[in-house]
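Written out below as structure tokens is the structure these notes cover.
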Amino acid sequence: MSVFEGLRFRKVYSPIHSLDPRIKFIYVIVIFVIAIIFWQVIPLLILFFMQLPFVLLARVQKQWLRSLRGAAFLATFIFLLNILATYISSGFVLLAFDFERAFALTLRFVVLVESFSVFFLTTSPDHLGLALEETRVPYEFAFAFTTAVRFVPVLAEEAQTIMDAQKARGLELEKGSLLKRIRNYVPVLIPLIVSAIRRSLELAEAMESRAWGATKKRTNLYSLRLHRGDFALIAIIIGIIIVAAYVYIYFFASIPAITQFLQL
Amino acid sequence: MVITAEDVHFSYPNNVEALKGVSLQIKDGEFVAIMGQNGAGKSTLVKHFNGLLKPSQGSVRVDGVETSKTSVAALARNVGFVFQNPDHQLFSETVEDEIAFALKNFGFEQEVIEKRITWALNLLSLTQYRKTSPFLLSGGERKRVALASVLAWDPQMLILDEPTIGQDHEQKEKLRQFIVQMQTQKKTVVTVTHDVEFVAECNPRVVLMKEGKIVADGPGKIILTNQQLLTESSIVLPQIAQIFTKLTSLGLPKDIIDIYEAKQAILQTKESKRR
Ligand SMILES: Nc1ncnc2c1ncn2[C@@H]1O[C@H](COP(=O)(O)OP(=O)(O)OP(=O)(O)O)[C@@H](O)[C@H]1O
Ligand SMILES: [Mg+2]
């Protein structure tokens with residue numbers, strides 16, 4: 001559940017928190033795309049360390065670390081699966097470079113998790129909704145989206161309670177064969193889904209009885225405007241795109257591998 | 001079942017310290033009501049009794065076994081726990097399957113399972129819903145299904161988190177009778193509740209919690225008539241106690257929470273006045 005913990009917004013004030021969510025989102029997407037384009041360790045490592053100043057500036061290092069720790073399990077899985085796949089497809093030989101490539105692919109996943117984690121940690125759901133509305137997404141959808149984001153941690157907490165309730169009735173999640181273990185989660189998933197649906201219906205009724213959607217034309221108390229920090233981030237984004245494009249066009253094939261260094 | 005908690009401290013991952021040194025012993029056949037305002041740490045405390053939570057400091061022993069050294073599933077066979085919200089556990093297609101779930105987990109024989117289901121359904125007036133989906137039942141009925149699914153394996157000790165919420169008077173009375181019956185079988189019942197009138201009718205041992213600590217522990221009759229103590233814990237006196245505290249000038253005793261005793265006291269005072 002700690003992955004969700006790393007996505008939960010907490011109200012603090014920092015230069016990163018007050019950035020426009022739209023610009024931040026573009027930044028995340030740019031990092032995302034670059035991480036997908038490059039598969040070498042060095043550029044991915046650079047991408048990884050590039051997020052650190054943001055994390056420190058936003059003072060969310062604790063939650064950020066927790067989300068990375070939450071991703072560690074899946075990362076290990078990705079690493080092992082890659083090793084296994086190359087091992088089988090190459091006729092049961094493993095080179096040092098195979099490890100490097102598996103590591104790079106894992107690192108790619110970690111970069112994706114970390115940048116999204118920074119985004120969600122520093123962007124309030126309200127801001128996000130506002131950003132959606134200002135990009136002309138209909139209010140109903142913007143609202144549904146922000147509500148969904150807001151309920152993620154609630155759902156995670158609920159999953160914990162449900163597991164407790166079933167354990168108290170003698171359910172042992174970690175017992176049996178792999179198939180049995182997956183089946184063990186049925187008594188957890190069903191109540192989770194049912195209560196999510198039940199809650200959403202109740203939420204809808206409660207909101208409608210408080211006149212949700214009564215006025216056709218909504219106005220907002222706050223509106224998003226770009227500030228100095230946003231322009232700085234835009235500059236950074238453009239810089240990143242230029243450098244990445246330059247490297248991609250001229251040096252993509254000659255990016256050295258770590259294993260090459262070590263053999264020198 | 002004997003439960004011994006010694007200087008239990010517990011903090012949630014977000015560093016909320018929910019228990020700040022709780023010591024408590026619950027003996028065989030006792031009926032204990034844990035009361036106190038919202039957020040006092042009641043649910044947190046009882047979750048230690050079947051090992052769902054392990055103390056971050058101090059120890060909890062169930063029949064001499066440290067909960068931190070055993071699994072919930074092993075403890076659950078003897079310690080039944082009914083959660084506050086039934087929707088956190090219902091998942092089966094029929095009420096019958098829901099009750100069978102725990103019985104299967106504990107490895108009961110098919111025939112025994114059948115018998116236990118019938119018994120539990122009957123006990124909680126759910127027989128007509130045997131083949132119904134638990135999701136189609138009303139809130140109070142779902143709560144009873146959750147209760148039935150735990151009572152069915154007949155644990156030595158029963159922990160109930162807010163069992164009376166949403167129950168009509170008849171069901172509450174049935175629950176009370178069931179608890180009395182459990183006591184005669186030397187079984188332990190621990191209930192977390194805000195329902196003062198229910199506690200007054202049952203007259204159990206009352207443990208009063210506040211801000212992660214136990215502030216009072218004693219017979220219901222004494223604690224539920226202590227105006228000052230209850231006010232500090234946002235609890236109002238049971239109605240009968242309210243009347244009797246206001247009528248002490250008539251020579252009526254103060255420590256009365258039960259209708260039967262109230263009647264006796266009034267008749268006695270009337271007798272003595274006549275003489
Ligand atoms: N899962 C959790 N994570 C973090 N903090 C929690 C969690 N559950 C409870 N708490 C906190 O621990 C404290 C005690 O909570 P607990 O649920 O034990 O109270 P309670 O006495 O059962 O209250 P209620 O009468 O409302 O049920 C509260 O301050 C609550 O905010
Ligand atoms: Mg509670």
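Following the order of the structure tokens, chains are lettered A, B, ..., residues in each are numbered from 1, and ligands are numbered from 1.
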If we count only C-alpha atoms, which residues of chain A reach to within 7 Å of chain B? Please list them as a PDB file with all heavy atoms, in the first residue's frame.
ATOM      1  N   THR A 161      -8.134  -2.425   5.929  1.00  0.00           N
ATOM      2  CA  THR A 161      -9.169  -2.825   6.889  1.00  0.00           C
ATOM      3  C   THR A 161      -9.836  -4.121   6.466  1.00  0.00           C
ATOM      4  O   THR A 161     -10.095  -4.996   7.292  1.00  0.00           O
ATOM      5  CB  THR A 161     -10.248  -1.730   6.993  1.00  0.00           C
ATOM      6  OG1 THR A 161      -9.599  -0.475   7.083  1.00  0.00           O
ATOM      7  CG2 THR A 161     -11.133  -1.946   8.201  1.00  0.00           C
ATOM      8  N   ILE A 162     -10.113  -4.239   5.148  1.00  0.00           N
ATOM      9  CA  ILE A 162     -10.771  -5.449   4.657  1.00  0.00           C
ATOM     10  C   ILE A 162      -9.882  -6.669   4.876  1.00  0.00           C
ATOM     11  O   ILE A 162     -10.340  -7.711   5.334  1.00  0.00           O
ATOM     12  CB  ILE A 162     -11.144  -5.292   3.172  1.00  0.00           C
ATOM     13  CG1 ILE A 162     -12.213  -4.215   3.035  1.00  0.00           C
ATOM     14  CG2 ILE A 162     -11.645  -6.610   2.605  1.00  0.00           C
ATOM     15  CD1 ILE A 162     -12.514  -3.832   1.624  1.00  0.00           C
ATOM     16  N   ASP A 164      -7.720  -7.015   7.182  1.00  0.00           N
ATOM     17  CA  ASP A 164      -7.794  -7.313   8.618  1.00  0.00           C
ATOM     18  C   ASP A 164      -9.061  -8.090   8.940  1.00  0.00           C
ATOM     19  O   ASP A 164      -9.037  -9.082   9.660  1.00  0.00           O
ATOM     20  CB  ASP A 164      -7.775  -6.013   9.436  1.00  0.00           C
ATOM     21  CG  ASP A 164      -6.386  -5.411   9.522  1.00  0.00           C
ATOM     22  OD1 ASP A 164      -5.429  -6.093   9.102  1.00  0.00           O
ATOM     23  OD2 ASP A 164      -6.250  -4.287   9.999  1.00  0.00           O
ATOM     24  N   ALA A 165     -10.184  -7.616   8.393  1.00  0.00           N
ATOM     25  CA  ALA A 165     -11.466  -8.259   8.703  1.00  0.00           C
ATOM     26  C   ALA A 165     -11.466  -9.712   8.242  1.00  0.00           C
ATOM     27  O   ALA A 165     -11.986 -10.591   8.928  1.00  0.00           O
ATOM     28  CB  ALA A 165     -12.611  -7.491   8.047  1.00  0.00           C
ATOM     29  N   GLN A 166     -10.890  -9.978   7.074  1.00  0.00           N
ATOM     30  CA  GLN A 166     -10.884 -11.360   6.580  1.00  0.00           C
ATOM     31  C   GLN A 166      -9.874 -12.225   7.330  1.00  0.00           C
ATOM     32  O   GLN A 166     -10.110 -13.403   7.564  1.00  0.00           O
ATOM     33  CB  GLN A 166     -10.629 -11.417   5.076  1.00  0.00           C
ATOM     34  CG  GLN A 166     -11.599 -10.604   4.234  1.00  0.00           C
ATOM     35  CD  GLN A 166     -13.044 -11.039   4.348  1.00  0.00           C
ATOM     36  OE1 GLN A 166     -13.504 -11.474   5.406  1.00  0.00           O
ATOM     37  NE2 GLN A 166     -13.800 -10.895   3.280  1.00  0.00           N
ATOM     38  N   LYS A 167      -8.758 -11.629   7.718  1.00  0.00           N
ATOM     39  CA  LYS A 167      -7.791 -12.384   8.513  1.00  0.00           C
ATOM     40  C   LYS A 167      -8.422 -12.793   9.831  1.00  0.00           C
ATOM     41  O   LYS A 167      -8.175 -13.885  10.337  1.00  0.00           O
ATOM     42  CB  LYS A 167      -6.556 -11.526   8.798  1.00  0.00           C
ATOM     43  CG  LYS A 167      -5.538 -11.533   7.687  1.00  0.00           C
ATOM     44  CD  LYS A 167      -4.226 -11.005   8.245  1.00  0.00           C
ATOM     45  CE  LYS A 167      -3.620  -9.964   7.351  1.00  0.00           C
ATOM     46  NZ  LYS A 167      -2.656  -9.119   8.050  1.00  0.00           N
ATOM     47  N   ALA A 168      -9.238 -11.902  10.377  1.00  0.00           N
ATOM     48  CA  ALA A 168      -9.905 -12.214  11.641  1.00  0.00           C
ATOM     49  C   ALA A 168     -10.890 -13.358  11.474  1.00  0.00           C
ATOM     50  O   ALA A 168     -11.357 -13.932  12.447  1.00  0.00           O
ATOM     51  CB  ALA A 168     -10.622 -10.966  12.184  1.00  0.00           C
ATOM     52  N   ARG A 169     -11.245 -13.675  10.211  1.00  0.00           N
ATOM     53  CA  ARG A 169     -12.101 -14.840   9.973  1.00  0.00           C
ATOM     54  C   ARG A 169     -11.283 -16.005   9.443  1.00  0.00           C
ATOM     55  O   ARG A 169     -11.790 -16.882   8.744  1.00  0.00           O
ATOM     56  CB  ARG A 169     -13.222 -14.480   8.990  1.00  0.00           C
ATOM     57  CG  ARG A 169     -14.172 -13.451   9.577  1.00  0.00           C
ATOM     58  CD  ARG A 169     -15.507 -13.463   8.903  1.00  0.00           C
ATOM     59  NE  ARG A 169     -15.425 -13.088   7.505  1.00  0.00           N
ATOM     60  CZ  ARG A 169     -16.393 -13.325   6.632  1.00  0.00           C
ATOM     61  NH1 ARG A 169     -17.496 -13.953   7.011  1.00  0.00           N
ATOM     62  NH2 ARG A 169     -16.257 -12.948   5.390  1.00  0.00           N
ATOM     63  N   GLY A 170      -9.994 -15.995   9.745  1.00  0.00           N
ATOM     64  CA  GLY A 170      -9.169 -17.160   9.455  1.00  0.00           C
ATOM     65  C   GLY A 170      -8.592 -17.216   8.059  1.00  0.00           C
ATOM     66  O   GLY A 170      -8.028 -18.234   7.677  1.00  0.00           O
ATOM     67  N   LEU A 171      -8.723 -16.142   7.285  1.00  0.00           N
ATOM     68  CA  LEU A 171      -8.131 -16.146   5.944  1.00  0.00           C
ATOM     69  C   LEU A 171      -6.617 -15.976   6.060  1.00  0.00           C
ATOM     70  O   LEU A 171      -6.135 -15.098   6.765  1.00  0.00           O
ATOM     71  CB  LEU A 171      -8.701 -14.991   5.125  1.00  0.00           C
ATOM     72  CG  LEU A 171      -8.122 -14.837   3.713  1.00  0.00           C
ATOM     73  CD1 LEU A 171      -8.571 -15.965   2.817  1.00  0.00           C
ATOM     74  CD2 LEU A 171      -8.535 -13.514   3.113  1.00  0.00           C
ATOM     75  N   GLU A 172      -5.874 -16.853   5.368  1.00  0.00           N
ATOM     76  CA  GLU A 172      -4.422 -16.708   5.353  1.00  0.00           C
ATOM     77  C   GLU A 172      -3.992 -16.386   3.941  1.00  0.00           C
ATOM     78  O   GLU A 172      -3.998 -17.240   3.061  1.00  0.00           O
ATOM     79  CB  GLU A 172      -3.757 -17.989   5.856  1.00  0.00           C
ATOM     80  CG  GLU A 172      -3.922 -18.145   7.355  1.00  0.00           C
ATOM     81  CD  GLU A 172      -3.347 -19.444   7.865  1.00  0.00           C
ATOM     82  OE1 GLU A 172      -4.070 -20.448   7.837  1.00  0.00           O
ATOM     83  OE2 GLU A 172      -2.188 -19.440   8.270  1.00  0.00           O
ATOM     84  N   PRO A 187     -11.765 -12.659  -1.434  1.00  0.00           N
ATOM     85  CA  PRO A 187     -12.516 -12.074  -0.309  1.00  0.00           C
ATOM     86  C   PRO A 187     -12.060 -10.665   0.053  1.00  0.00           C
ATOM     87  O   PRO A 187     -12.718  -9.989   0.834  1.00  0.00           O
ATOM     88  CB  PRO A 187     -12.207 -13.025   0.857  1.00  0.00           C
ATOM     89  CG  PRO A 187     -11.722 -14.267   0.246  1.00  0.00           C
ATOM     90  CD  PRO A 187     -11.069 -13.895  -1.037  1.00  0.00           C
ATOM     91  N   ILE A 190     -13.571  -8.321  -3.574  1.00  0.00           N
ATOM     92  CA  ILE A 190     -15.013  -8.101  -3.738  1.00  0.00           C
ATOM     93  C   ILE A 190     -15.552  -7.030  -2.784  1.00  0.00           C
ATOM     94  O   ILE A 190     -16.173  -6.082  -3.228  1.00  0.00           O
ATOM     95  CB  ILE A 190     -15.794  -9.429  -3.661  1.00  0.00           C
ATOM     96  CG1 ILE A 190     -15.392 -10.266  -4.879  1.00  0.00           C
ATOM     97  CG2 ILE A 190     -17.295  -9.186  -3.641  1.00  0.00           C
ATOM     98  CD1 ILE A 190     -16.076 -11.590  -4.985  1.00  0.00           C
ATOM     99  N   PRO A 191     -15.273  -7.144  -1.473  1.00  0.00           N
ATOM    100  CA  PRO A 191     -15.758  -6.071  -0.605  1.00  0.00           C
ATOM    101  C   PRO A 191     -15.201  -4.703  -1.004  1.00  0.00           C
ATOM    102  O   PRO A 191     -15.904  -3.695  -0.914  1.00  0.00           O
ATOM    103  CB  PRO A 191     -15.243  -6.452   0.787  1.00  0.00           C
ATOM    104  CG  PRO A 191     -14.974  -7.885   0.731  1.00  0.00           C
ATOM    105  CD  PRO A 191     -14.610  -8.200  -0.686  1.00  0.00           C
ATOM    106  N   SER A 195     -17.805  -1.920  -1.928  1.00  0.00           N
ATOM    107  CA  SER A 195     -17.969  -0.735  -1.093  1.00  0.00           C
ATOM    108  C   SER A 195     -17.572   0.522  -1.855  1.00  0.00           C
ATOM    109  O   SER A 195     -18.103   1.599  -1.580  1.00  0.00           O
ATOM    110  CB  SER A 195     -17.233  -0.864   0.244  1.00  0.00           C
ATOM    111  OG  SER A 195     -15.858  -0.726   0.070  1.00  0.00           O
TER     112      SER A 195
END
Exercise for the section: Go through the chains and note each residue within 12 Å of ligand 2, using only C-alpha atoms and all ligand atoms, then give the set as a ChimeraX atom specification. Expected result: /A:161 /B:18,34-47,82-85,160-163,165,191-194,209
Practice task
Please identify all polymer residues within 10 Å of stretch 203-213 of chain A, counting only C-alpha atoms, omitting same-chain residues fewer than 5 positions from it, and present them as number ranges by chain.
Solution key: A: 139-140, 197-198, 218
Problem - DSSP strand (DSSP E) residues within stretch 85-216 of chain B, as a list in words - result: Met157, Leu158, Ile159, Leu160, Asp161, Thr188, Val189, Val190, Thr191, Val192, Arg205, Val206, Val207, Leu208, Met209, Lys210, Lys213, Ile214, Val215 and Ala216 of chain B
Closest atom pairs, chain A residues within 12 Å of ligand 1, only C-alpha atoms and all ligand atoms, as CSV:
residue,atom,partner,partner_atom_place_in_ligand_line,distance
A:Met1,CA,ligand 1,1 (N),11.8
A:Glu5,CA,ligand 1,3 (N),11.4
A:Pro153,CA,ligand 1,3 (N),11.0
A:Val154,CA,ligand 1,1 (N),10.0
A:Leu155,CA,ligand 1,1 (N),11.6
A:Ala156,CA,ligand 1,1 (N),10.1
A:Glu157,CA,ligand 1,1 (N),6.5
A:Glu158,CA,ligand 1,1 (N),8.7
A:Ala159,CA,ligand 1,1 (N),10.6
A:Gln160,CA,ligand 1,1 (N),8.1
A:Thr161,CA,ligand 1,1 (N),7.9
A:Ile162,CA,ligand 1,1 (N),11.6
A:Asp164,CA,ligand 1,1 (N),11.0
Saved selection, atoms kept: all heavy atoms, as a compact mmCIF listing (two decimals), in the first residue's frame:
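The new file out_11.txt reads:
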# COMPACT_ATOMS: atom_id res chain seq x y z
N MET A 1 0.83 -1.22 0.00
CA MET A 1 0.00 0.00 0.00
C MET A 1 0.85 1.26 0.00
O MET A 1 0.38 2.36 -0.14
CB MET A 1 -0.90 0.03 1.24
CG MET A 1 -1.96 -1.07 1.24
SD MET A 1 -2.88 -1.10 -0.30
CE MET A 1 -2.62 -2.79 -0.78
N GLU A 5 0.75 5.67 -0.75
CA GLU A 5 1.22 6.66 0.20
C GLU A 5 2.06 7.71 -0.54
O GLU A 5 2.00 8.89 -0.25
CB GLU A 5 2.05 5.95 1.28
CG GLU A 5 2.30 6.73 2.52
CD GLU A 5 1.02 7.11 3.24
OE1 GLU A 5 -0.01 6.41 3.12
OE2 GLU A 5 1.07 8.13 3.92
N PRO A 153 -6.07 7.09 -1.86
CA PRO A 153 -5.57 6.72 -0.53
C PRO A 153 -6.66 6.16 0.38
O PRO A 153 -6.39 5.25 1.18
CB PRO A 153 -5.01 8.02 0.03
CG PRO A 153 -5.28 9.08 -0.93
CD PRO A 153 -5.86 8.52 -2.16
N VAL A 154 -7.86 6.68 0.23
CA VAL A 154 -8.98 6.17 1.04
C VAL A 154 -9.19 4.69 0.74
O VAL A 154 -9.36 3.86 1.64
CB VAL A 154 -10.28 6.95 0.75
CG1 VAL A 154 -11.44 6.39 1.54
CG2 VAL A 154 -10.08 8.42 1.05
N LEU A 155 -9.13 4.38 -0.55
CA LEU A 155 -9.32 3.00 -0.98
C LEU A 155 -8.21 2.11 -0.45
O LEU A 155 -8.44 0.98 -0.04
CB LEU A 155 -9.33 2.97 -2.52
CG LEU A 155 -10.42 2.13 -3.16
CD1 LEU A 155 -11.78 2.60 -2.70
CD2 LEU A 155 -10.31 2.22 -4.67
N ALA A 156 -6.98 2.64 -0.46
CA ALA A 156 -5.85 1.86 0.03
C ALA A 156 -6.04 1.53 1.51
O ALA A 156 -5.79 0.41 1.95
CB ALA A 156 -4.56 2.65 -0.18
N GLU A 157 -6.52 2.53 2.26
CA GLU A 157 -6.74 2.32 3.68
C GLU A 157 -7.84 1.27 3.88
O GLU A 157 -7.75 0.41 4.75
CB GLU A 157 -7.17 3.64 4.31
CG GLU A 157 -6.59 3.87 5.67
CD GLU A 157 -6.60 5.35 5.99
OE1 GLU A 157 -7.67 5.81 6.43
OE2 GLU A 157 -5.59 6.03 5.75
N GLU A 158 -8.87 1.39 3.04
CA GLU A 158 -9.98 0.46 3.15
C GLU A 158 -9.52 -0.97 2.85
O GLU A 158 -9.95 -1.91 3.51
CB GLU A 158 -11.07 0.89 2.19
CG GLU A 158 -12.37 0.19 2.47
CD GLU A 158 -13.53 1.04 2.03
OE1 GLU A 158 -13.71 2.13 2.60
OE2 GLU A 158 -14.24 0.63 1.11
N ALA A 159 -8.66 -1.11 1.85
CA ALA A 159 -8.15 -2.43 1.51
C ALA A 159 -7.47 -3.06 2.73
O ALA A 159 -7.63 -4.25 3.01
CB ALA A 159 -7.16 -2.34 0.35
N GLN A 160 -6.75 -2.23 3.47
CA GLN A 160 -6.07 -2.71 4.68
C GLN A 160 -7.09 -3.22 5.70
O GLN A 160 -6.96 -4.31 6.24
CB GLN A 160 -5.23 -1.57 5.27
CG GLN A 160 -4.34 -1.99 6.41
CD GLN A 160 -3.35 -3.06 6.00
OE1 GLN A 160 -2.63 -2.91 5.03
NE2 GLN A 160 -3.32 -4.17 6.73
N THR A 161 -8.13 -2.42 5.93
CA THR A 161 -9.17 -2.82 6.89
C THR A 161 -9.84 -4.12 6.47
O THR A 161 -10.10 -5.00 7.29
CB THR A 161 -10.25 -1.73 6.99
OG1 THR A 161 -9.60 -0.47 7.08
CG2 THR A 161 -11.13 -1.95 8.20
N ILE A 162 -10.11 -4.24 5.15
CA ILE A 162 -10.77 -5.45 4.66
C ILE A 162 -9.88 -6.67 4.88
O ILE A 162 -10.34 -7.71 5.33
CB ILE A 162 -11.14 -5.29 3.17
CG1 ILE A 162 -12.21 -4.22 3.03
CG2 ILE A 162 -11.65 -6.61 2.60
CD1 ILE A 162 -12.51 -3.83 1.62
N ASP A 164 -7.72 -7.01 7.18
CA ASP A 164 -7.79 -7.31 8.62
C ASP A 164 -9.06 -8.09 8.94
O ASP A 164 -9.04 -9.08 9.66
CB ASP A 164 -7.77 -6.01 9.44
CG ASP A 164 -6.39 -5.41 9.52
OD1 ASP A 164 -5.43 -6.09 9.10
OD2 ASP A 164 -6.25 -4.29 10.00
Exercise for the section: Please measure the separation of atom CA of B:Leu237 and atom CA of B:Ile26, giving the value in Å to one decimal. Expected result: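 Those two atoms sit 24.6 Å apart.
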Exercise for the section: Fewer than 4 positions away in the same chain doesn't count, so skip those; otherwise give me all residues within 12 Å of A:Pro53, counting only C-alpha atoms, as a list in words. Expected result: Pro15, Ile16, Leu47, Phe48, Phe49, Leu57, Ala58, Arg59, Val60, Gln61, Ser115 and Val118 of chain A
Could those residues be written to a file, using C-alpha atoms, as a short mmCIF file (atom, residue, chain, number, x, y, z; two decimals), in the first residue's frame?
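Full text of selection-v4.cif as output:
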data_model
loop_
_atom_site.label_atom_id
_atom_site.label_comp_id
_atom_site.auth_asym_id
_atom_site.auth_seq_id
_atom_site.Cartn_x
_atom_site.Cartn_y
_atom_site.Cartn_z
CA PRO A 15 8.08 26.66 -5.09
CA ILE A 16 7.17 23.32 -6.65
CA LEU A 47 16.83 11.43 -15.81
CA PHE A 48 16.64 9.76 -12.42
CA PHE A 49 18.94 12.28 -10.73
CA LEU A 57 12.79 21.86 -3.28
CA ALA A 58 9.29 20.52 -2.61
CA ARG A 59 10.46 18.94 0.68
CA VAL A 60 8.62 15.70 -0.02
CA GLN A 61 11.68 13.45 0.18
CA SER A 115 8.26 11.61 -11.77
CA VAL A 118 6.59 14.07 -7.57
#
Practice task
Enumerate, as a PyMOL selection string, the complete set of residues in stretch 97-246 of chain A that a backbone-based DSSP assignment places in helix (DSSP H, G or I).
Solution key: chain A and resi 97-122+125-134+139-167+178-183+186-208+228-246
